[in-house]
$ cat query.tsv   # TSV, C-alpha atoms
chain	number	residue	atom	x	y	z
A	1	MET	CA	8.42	-19.97	10.17
A	2	LEU	CA	5.02	-18.33	10.14
A	3	SER	CA	2.31	-20.68	11.26
A	4	SER	CA	-0.39	-21.29	8.71
A	5	SER	CA	-3.25	-19.84	10.78
A	6	ARG	CA	-1.24	-16.78	11.75
A	7	TYR	CA	-0.24	-16.12	8.16
A	8	ARG	CA	-3.83	-16.54	7.00
A	9	LEU	CA	-4.93	-13.91	9.51
A	10	ILE	CA	-2.26	-11.45	8.36
A	11	LEU	CA	-3.11	-12.17	4.72
A	12	PHE	CA	-6.83	-11.67	5.40
A	13	VAL	CA	-6.19	-8.34	7.14
A	14	GLN	CA	-3.95	-7.17	4.28
A	15	VAL	CA	-6.57	-8.09	1.67
A	16	CYS	CA	-9.24	-6.25	3.69
A	17	LEU	CA	-7.02	-3.16	3.85
A	18	LEU	CA	-6.52	-3.21	0.09
A	19	LEU	CA	-10.23	-3.76	-0.51
A	20	PHE	CA	-11.20	-0.83	1.74
A	21	ASP	CA	-8.72	1.42	-0.04
A	22	LEU	CA	-10.06	0.34	-3.43
A	23	LEU	CA	-13.68	0.92	-2.41
A	24	LEU	CA	-12.92	4.31	-0.93
A	25	ASN	CA	-11.10	5.37	-4.10
A	26	ALA	CA	-14.03	4.18	-6.20
A	27	PHE	CA	-16.93	5.57	-4.18
A	28	ALA	CA	-15.61	8.56	-2.19
A	29	ASP	CA	-17.08	10.98	-4.71
A	30	PHE	CA	-20.58	9.76	-3.85
A	31	LEU	CA	-20.06	10.86	-0.23
A	32	ARG	CA	-19.02	14.41	-0.92
A	33	GLN	CA	-22.27	16.06	0.24
A	34	ASP	CA	-20.77	16.32	3.73
A	35	SER	CA	-17.14	17.39	3.67
A	36	SER	CA	-16.55	16.43	7.30
A	37	ILE	CA	-17.51	12.80	6.60
A	38	LEU	CA	-15.20	12.81	3.59
A	39	LEU	CA	-12.40	14.22	5.76
A	40	LEU	CA	-12.94	11.45	8.29
A	41	LEU	CA	-12.88	8.78	5.58
A	42	PHE	CA	-9.70	10.23	4.10
A	43	ILE	CA	-8.02	10.16	7.51
A	44	ILE	CA	-9.08	6.53	7.96
A	45	GLN	CA	-7.80	5.70	4.47
A	46	ASP	CA	-4.42	7.26	5.20
A	47	GLY	CA	-4.15	5.46	8.52
A	48	LEU	CA	-5.01	2.14	6.91
A	49	GLN	CA	-2.44	2.69	4.16
A	50	VAL	CA	0.22	3.21	6.83
A	51	LEU	CA	-1.04	0.10	8.63
A	52	ALA	CA	-0.84	-1.94	5.40
A	53	VAL	CA	2.78	-0.97	4.80
A	54	THR	CA	3.56	-1.62	8.47
A	55	LEU	CA	2.07	-5.12	8.23
A	56	LEU	CA	4.13	-5.81	5.13
A	57	LEU	CA	7.30	-4.64	6.86
A	58	VAL	CA	6.52	-6.70	9.97
A	59	SER	CA	6.10	-9.75	7.74
A	60	LEU	CA	9.49	-9.01	6.20
A	61	PHE	CA	11.09	-8.57	9.63
A	62	GLN	CA	9.86	-12.00	10.74
A	63	THR	CA	11.78	-13.87	8.04
A	64	ASN	CA	14.98	-15.75	8.81
A	65	VAL	CA	16.67	-13.77	6.05
A	66	PHE	CA	16.08	-10.50	7.90
A	67	GLN	CA	16.91	-11.97	11.29
A	68	ALA	CA	20.19	-13.34	9.92
A	69	GLY	CA	21.11	-9.81	8.83
A	70	PHE	CA	20.75	-10.18	5.07
A	71	VAL	CA	18.46	-7.22	4.65
A	72	GLU	CA	19.84	-6.53	1.19
A	73	LEU	CA	18.41	-9.82	-0.13
A	74	LEU	CA	14.94	-8.79	1.04
A	75	PHE	CA	15.40	-5.21	-0.08
A	76	ASP	CA	16.24	-6.35	-3.62
A	77	ARG	CA	13.01	-8.34	-3.84
A	78	PHE	CA	10.64	-5.83	-2.21
A	79	ARG	CA	12.19	-2.45	-3.00
A	80	THR	CA	9.71	-1.60	-5.77
A	81	THR	CA	6.72	-2.42	-3.58
A	82	VAL	CA	7.91	-0.17	-0.75
A	83	PHE	CA	8.75	2.67	-3.14
A	84	ILE	CA	5.37	2.48	-4.92
A	85	ALA	CA	3.58	2.31	-1.56
A	86	MET	CA	5.27	5.54	-0.47
A	87	LEU	CA	4.54	7.21	-3.82
A	88	TYR	CA	0.92	6.10	-3.69
A	89	PHE	CA	0.55	7.41	-0.14
A	90	LEU	CA	2.01	10.77	-1.17
A	91	LEU	CA	-0.25	11.04	-4.24
A	92	THR	CA	-3.26	10.06	-2.14
A	93	LEU	CA	-2.50	12.83	0.35
A	94	ILE	CA	-2.11	15.40	-2.44
A	95	VAL	CA	-5.42	14.42	-4.06
A	96	GLN	CA	-7.22	14.43	-0.71
A	97	ILE	CA	-5.89	17.87	0.21
A	98	TYR	CA	-6.79	19.23	-3.24
A	99	VAL	CA	-10.32	17.78	-3.14
A	100	LEU	CA	-11.08	18.94	0.39
A	101	SER	CA	-9.61	22.41	-0.04
A	102	THR	CA	-11.44	23.15	-3.30
A	103	ARG	CA	-14.79	21.59	-2.37
A	104	TRP	CA	-15.08	22.20	1.37
A	105	PHE	CA	-17.68	24.98	1.28
A	106	GLN	CA	-19.39	23.94	-1.98
A	107	PRO	CA	-19.07	20.15	-2.02
A	108	MET	CA	-21.51	19.58	-4.89
A	109	LYS	CA	-19.85	22.05	-7.27
A	110	HIS	CA	-17.82	20.35	-10.00
A	111	TYR	CA	-14.66	22.40	-9.87
A	112	TRP	CA	-11.32	20.92	-10.91
A	113	ALA	CA	-8.50	23.17	-9.73
A	114	LYS	CA	-5.36	23.46	-11.82
A	115	GLY	CA	-3.23	20.41	-11.29
A	116	LEU	CA	-5.99	18.31	-9.74
A	117	PRO	CA	-6.69	16.26	-12.91
A	118	PHE	CA	-3.00	15.39	-13.21
A	119	PHE	CA	-2.71	14.29	-9.58
A	120	PHE	CA	-6.06	12.51	-9.68
A	121	ILE	CA	-5.12	10.45	-12.75
A	122	SER	CA	-1.62	9.82	-11.39
A	123	GLN	CA	-3.02	8.63	-8.07
A	124	ARG	CA	-5.53	6.30	-9.71
A	125	PHE	CA	-2.89	4.88	-12.05
A	126	CYS	CA	-0.45	4.43	-9.18
A	127	SER	CA	-3.17	2.73	-7.14
A	128	CYS	CA	-3.45	-0.05	-9.73
A	129	ILE	CA	0.29	-0.62	-9.60
A	130	TYR	CA	0.25	-0.44	-5.79
A	131	TYR	CA	-2.56	-3.01	-5.49
A	132	TYR	CA	-0.75	-5.42	-7.81
A	133	LEU	CA	2.69	-5.05	-6.20
A	134	TYR	CA	1.36	-5.15	-2.64
A	135	LYS	CA	-0.68	-8.28	-3.31
A	136	ARG	CA	2.30	-9.92	-5.01
A	137	ALA	CA	4.58	-8.99	-2.10
A	138	MET	CA	2.25	-10.31	0.56
A	139	LEU	CA	1.97	-13.62	-1.32
A	140	ARG	CA	5.72	-13.82	-2.01
A	141	ILE	CA	6.61	-13.26	1.64
A	142	SER	CA	4.88	-16.57	2.42
A	143	ASP	CA	7.56	-18.38	0.39
A	144	PRO	CA	9.12	-20.99	2.72
A	145	ARG	CA	12.60	-20.13	1.38
A	146	PHE	CA	12.57	-16.91	3.40
A	147	TYR	CA	12.20	-18.99	6.55
A	148	ASP	CA	14.81	-21.61	5.63
A	149	ASP	CA	18.48	-21.26	6.60
A	150	GLU	CA	19.62	-23.42	3.69
A	151	TRP	CA	18.39	-20.85	1.15
A	152	ILE	CA	20.28	-18.12	3.00
A	153	ASN	CA	23.48	-20.20	2.92
A	154	HIS	CA	23.02	-20.77	-0.81
A	155	LYS	CA	22.56	-17.04	-1.49
A	156	VAL	CA	25.59	-16.15	0.64
A	157	ASN	CA	27.73	-18.66	-1.26
A	158	LEU	CA	26.62	-17.07	-4.54
A	159	ILE	CA	27.56	-13.61	-3.33
A	160	THR	CA	31.04	-14.60	-2.08

$ encode --input "query.tsv" --output "structure tokens"
Amino acid sequence: MLSSSRYRLILFVQVCLLLFDLLLNAFADFLRQDSSILLLLFIIQDGLQVLAVTLLLVSLFQTNVFQAGFVELLFDRFRTTVFIAMLYFLLTLIVQIYVLSTRWFQPMKHYWAKGLPFFFISQRFCSCIYYYLYKRAMLRISDPRFYDDEWINHKVNLIT
């Protein structure tokens, strides 16, 4: 079972990662005077998104359910979160590439390339879903049932 202090640390780090991602999505346009700084921030954002998903997966791997080999039980509960996280990461990369490639030499020019509004709106919409599902998943993984062998036995008896 995860110790309380250890789980609090993981939870705090995950909330900080989500908060940084949210703030960068909200305020990155104010930093577009220097494209190299924006590129650096985008690289950091992408790295932190990968770190956030990695922390979630590590939390899943530490459960007794996973260690007992019942990955399907965990996959059923957290499949949507992992899928949305991958979709959000992909949309974030597309928007970042679009923004940097169209505004690199003239960062203050308001030019929206074809397709950029669609990907921009899709990425922002997906970010709301990602933040909700990720926060829900990181709180659900603290459920003591995932660390209790009795719950696993009950689920196995229901399946068979």

$ atom_distance --input "query.tsv" --atom1 "atom CA of A:Val15" --atom2 "atom CA of A:Asp46"
15.9 Å

$ axis_aligned_box --input "query.tsv" --around "stretch 123-142 of chain A" --padding-each-side "3 Å" --output "lines of an AutoDock Vina configuration file"
center_x = 0.5
center_y = -4.0
center_z = -4.8
size_x = 18.1
size_y = 31.2
size_z = 20.5

$ residues_around --input "query.tsv" --residues "A:Gln45" --least-positions-apart "4" --cutoff "12 Å" --atoms "only C-alpha atoms" --output "tab-separated table (two decimals) with C-alpha atoms, in the frame of the given file"
chain	number	residue	atom	x	y	z
A	17	LEU	CA	-7.02	-3.16	3.85
A	18	LEU	CA	-6.52	-3.21	0.09
A	19	LEU	CA	-10.23	-3.76	-0.51
A	20	PHE	CA	-11.20	-0.83	1.74
A	21	ASP	CA	-8.72	1.42	-0.04
A	22	LEU	CA	-10.06	0.34	-3.43
A	23	LEU	CA	-13.68	0.92	-2.41
A	24	LEU	CA	-12.92	4.31	-0.93
A	25	ASN	CA	-11.10	5.37	-4.10
A	28	ALA	CA	-15.61	8.56	-2.19
A	38	LEU	CA	-15.20	12.81	3.59
A	39	LEU	CA	-12.40	14.22	5.76
A	40	LEU	CA	-12.94	11.45	8.29
A	41	LEU	CA	-12.88	8.78	5.58
A	49	GLN	CA	-2.44	2.69	4.16
A	50	VAL	CA	0.22	3.21	6.83
A	51	LEU	CA	-1.04	0.10	8.63
A	52	ALA	CA	-0.84	-1.94	5.40
A	88	TYR	CA	0.92	6.10	-3.69
A	89	PHE	CA	0.55	7.41	-0.14
A	92	THR	CA	-3.26	10.06	-2.14
A	93	LEU	CA	-2.50	12.83	0.35
A	96	GLN	CA	-7.22	14.43	-0.71

$ closest_residue --input "query.tsv" --among "A:Met138, A:Ala113, A:Cys126, A:Ile43" --to "A:Tyr98" --atoms "only C-alpha atoms"
A:Ala113

$ closest_residue --input "query.tsv" --among "A:Gln33, A:Ser122, A:Thr63, A:Thr102" --to "A:Leu90" --atoms "only C-alpha atoms"
A:Ser122

$ build_atoms --input "query.tsv" --residues "stretch 71-101 of chain A" --atoms "N, CA and C atoms" --output "compact mmCIF listing (two decimals), keeping the file's coordinate frame"
# COMPACT_ATOMS: atom_id res chain seq x y z
N VAL A 71 19.54 -8.13 5.02
CA VAL A 71 18.46 -7.22 4.65
C VAL A 71 18.50 -6.90 3.16
N GLU A 72 19.70 -6.87 2.60
CA GLU A 72 19.84 -6.53 1.19
C GLU A 72 19.13 -7.53 0.28
N LEU A 73 19.12 -8.81 0.66
CA LEU A 73 18.41 -9.82 -0.13
C LEU A 73 16.91 -9.53 -0.17
N LEU A 74 16.37 -9.14 0.99
CA LEU A 74 14.94 -8.79 1.04
C LEU A 74 14.69 -7.46 0.32
N PHE A 75 15.58 -6.52 0.52
CA PHE A 75 15.40 -5.21 -0.08
C PHE A 75 15.39 -5.31 -1.61
N ASP A 76 16.23 -6.18 -2.16
CA ASP A 76 16.24 -6.35 -3.62
C ASP A 76 14.91 -6.88 -4.14
N ARG A 77 14.26 -7.74 -3.38
CA ARG A 77 13.01 -8.34 -3.84
C ARG A 77 11.78 -7.46 -3.60
N PHE A 78 11.83 -6.59 -2.59
CA PHE A 78 10.64 -5.83 -2.21
C PHE A 78 10.83 -4.32 -2.29
N ARG A 79 11.91 -3.88 -2.89
CA ARG A 79 12.19 -2.45 -3.00
C ARG A 79 11.12 -1.71 -3.78
N THR A 80 10.70 -2.26 -4.92
CA THR A 80 9.71 -1.60 -5.77
C THR A 80 8.39 -1.44 -5.04
N THR A 81 7.99 -2.47 -4.31
CA THR A 81 6.72 -2.42 -3.58
C THR A 81 6.74 -1.30 -2.54
N VAL A 82 7.81 -1.21 -1.78
CA VAL A 82 7.91 -0.17 -0.75
C VAL A 82 7.94 1.22 -1.38
N PHE A 83 8.68 1.38 -2.47
CA PHE A 83 8.75 2.67 -3.14
C PHE A 83 7.39 3.09 -3.70
N ILE A 84 6.70 2.17 -4.37
CA ILE A 84 5.37 2.48 -4.92
C ILE A 84 4.38 2.77 -3.81
N ALA A 85 4.48 2.05 -2.70
CA ALA A 85 3.58 2.31 -1.56
C ALA A 85 3.76 3.73 -1.03
N MET A 86 5.01 4.17 -0.94
CA MET A 86 5.27 5.54 -0.47
C MET A 86 4.77 6.57 -1.49
N LEU A 87 5.01 6.31 -2.77
CA LEU A 87 4.54 7.21 -3.82
C LEU A 87 3.02 7.28 -3.83
N TYR A 88 2.38 6.14 -3.72
CA TYR A 88 0.92 6.10 -3.69
C TYR A 88 0.36 6.85 -2.49
N PHE A 89 0.99 6.69 -1.33
CA PHE A 89 0.55 7.41 -0.14
C PHE A 89 0.68 8.92 -0.34
N LEU A 90 1.79 9.35 -0.91
CA LEU A 90 2.01 10.77 -1.17
C LEU A 90 0.99 11.32 -2.16
N LEU A 91 0.75 10.60 -3.25
CA LEU A 91 -0.25 11.04 -4.24
C LEU A 91 -1.65 11.06 -3.64
N THR A 92 -1.95 10.09 -2.79
CA THR A 92 -3.26 10.06 -2.14
C THR A 92 -3.44 11.28 -1.26
N LEU A 93 -2.42 11.63 -0.50
CA LEU A 93 -2.50 12.83 0.35
C LEU A 93 -2.70 14.10 -0.49
N ILE A 94 -1.98 14.21 -1.59
CA ILE A 94 -2.11 15.40 -2.44
C ILE A 94 -3.52 15.50 -3.00
N VAL A 95 -4.05 14.40 -3.50
CA VAL A 95 -5.42 14.42 -4.06
C VAL A 95 -6.43 14.75 -2.97
N GLN A 96 -6.28 14.16 -1.79
CA GLN A 96 -7.22 14.43 -0.71
C GLN A 96 -7.19 15.90 -0.29
N ILE A 97 -6.01 16.46 -0.17
CA ILE A 97 -5.89 17.87 0.21
C ILE A 97 -6.51 18.76 -0.86
N TYR A 98 -6.21 18.46 -2.14
CA TYR A 98 -6.79 19.23 -3.24
C TYR A 98 -8.32 19.16 -3.21
N VAL A 99 -8.85 17.96 -3.10
CA VAL A 99 -10.32 17.78 -3.14
C VAL A 99 -10.98 18.49 -1.97
N LEU A 100 -10.45 18.32 -0.78
CA LEU A 100 -11.08 18.94 0.39
C LEU A 100 -10.94 20.46 0.38
N SER A 101 -9.80 20.96 -0.06
CA SER A 101 -9.61 22.41 -0.04
C SER A 101 -10.44 23.12 -1.11
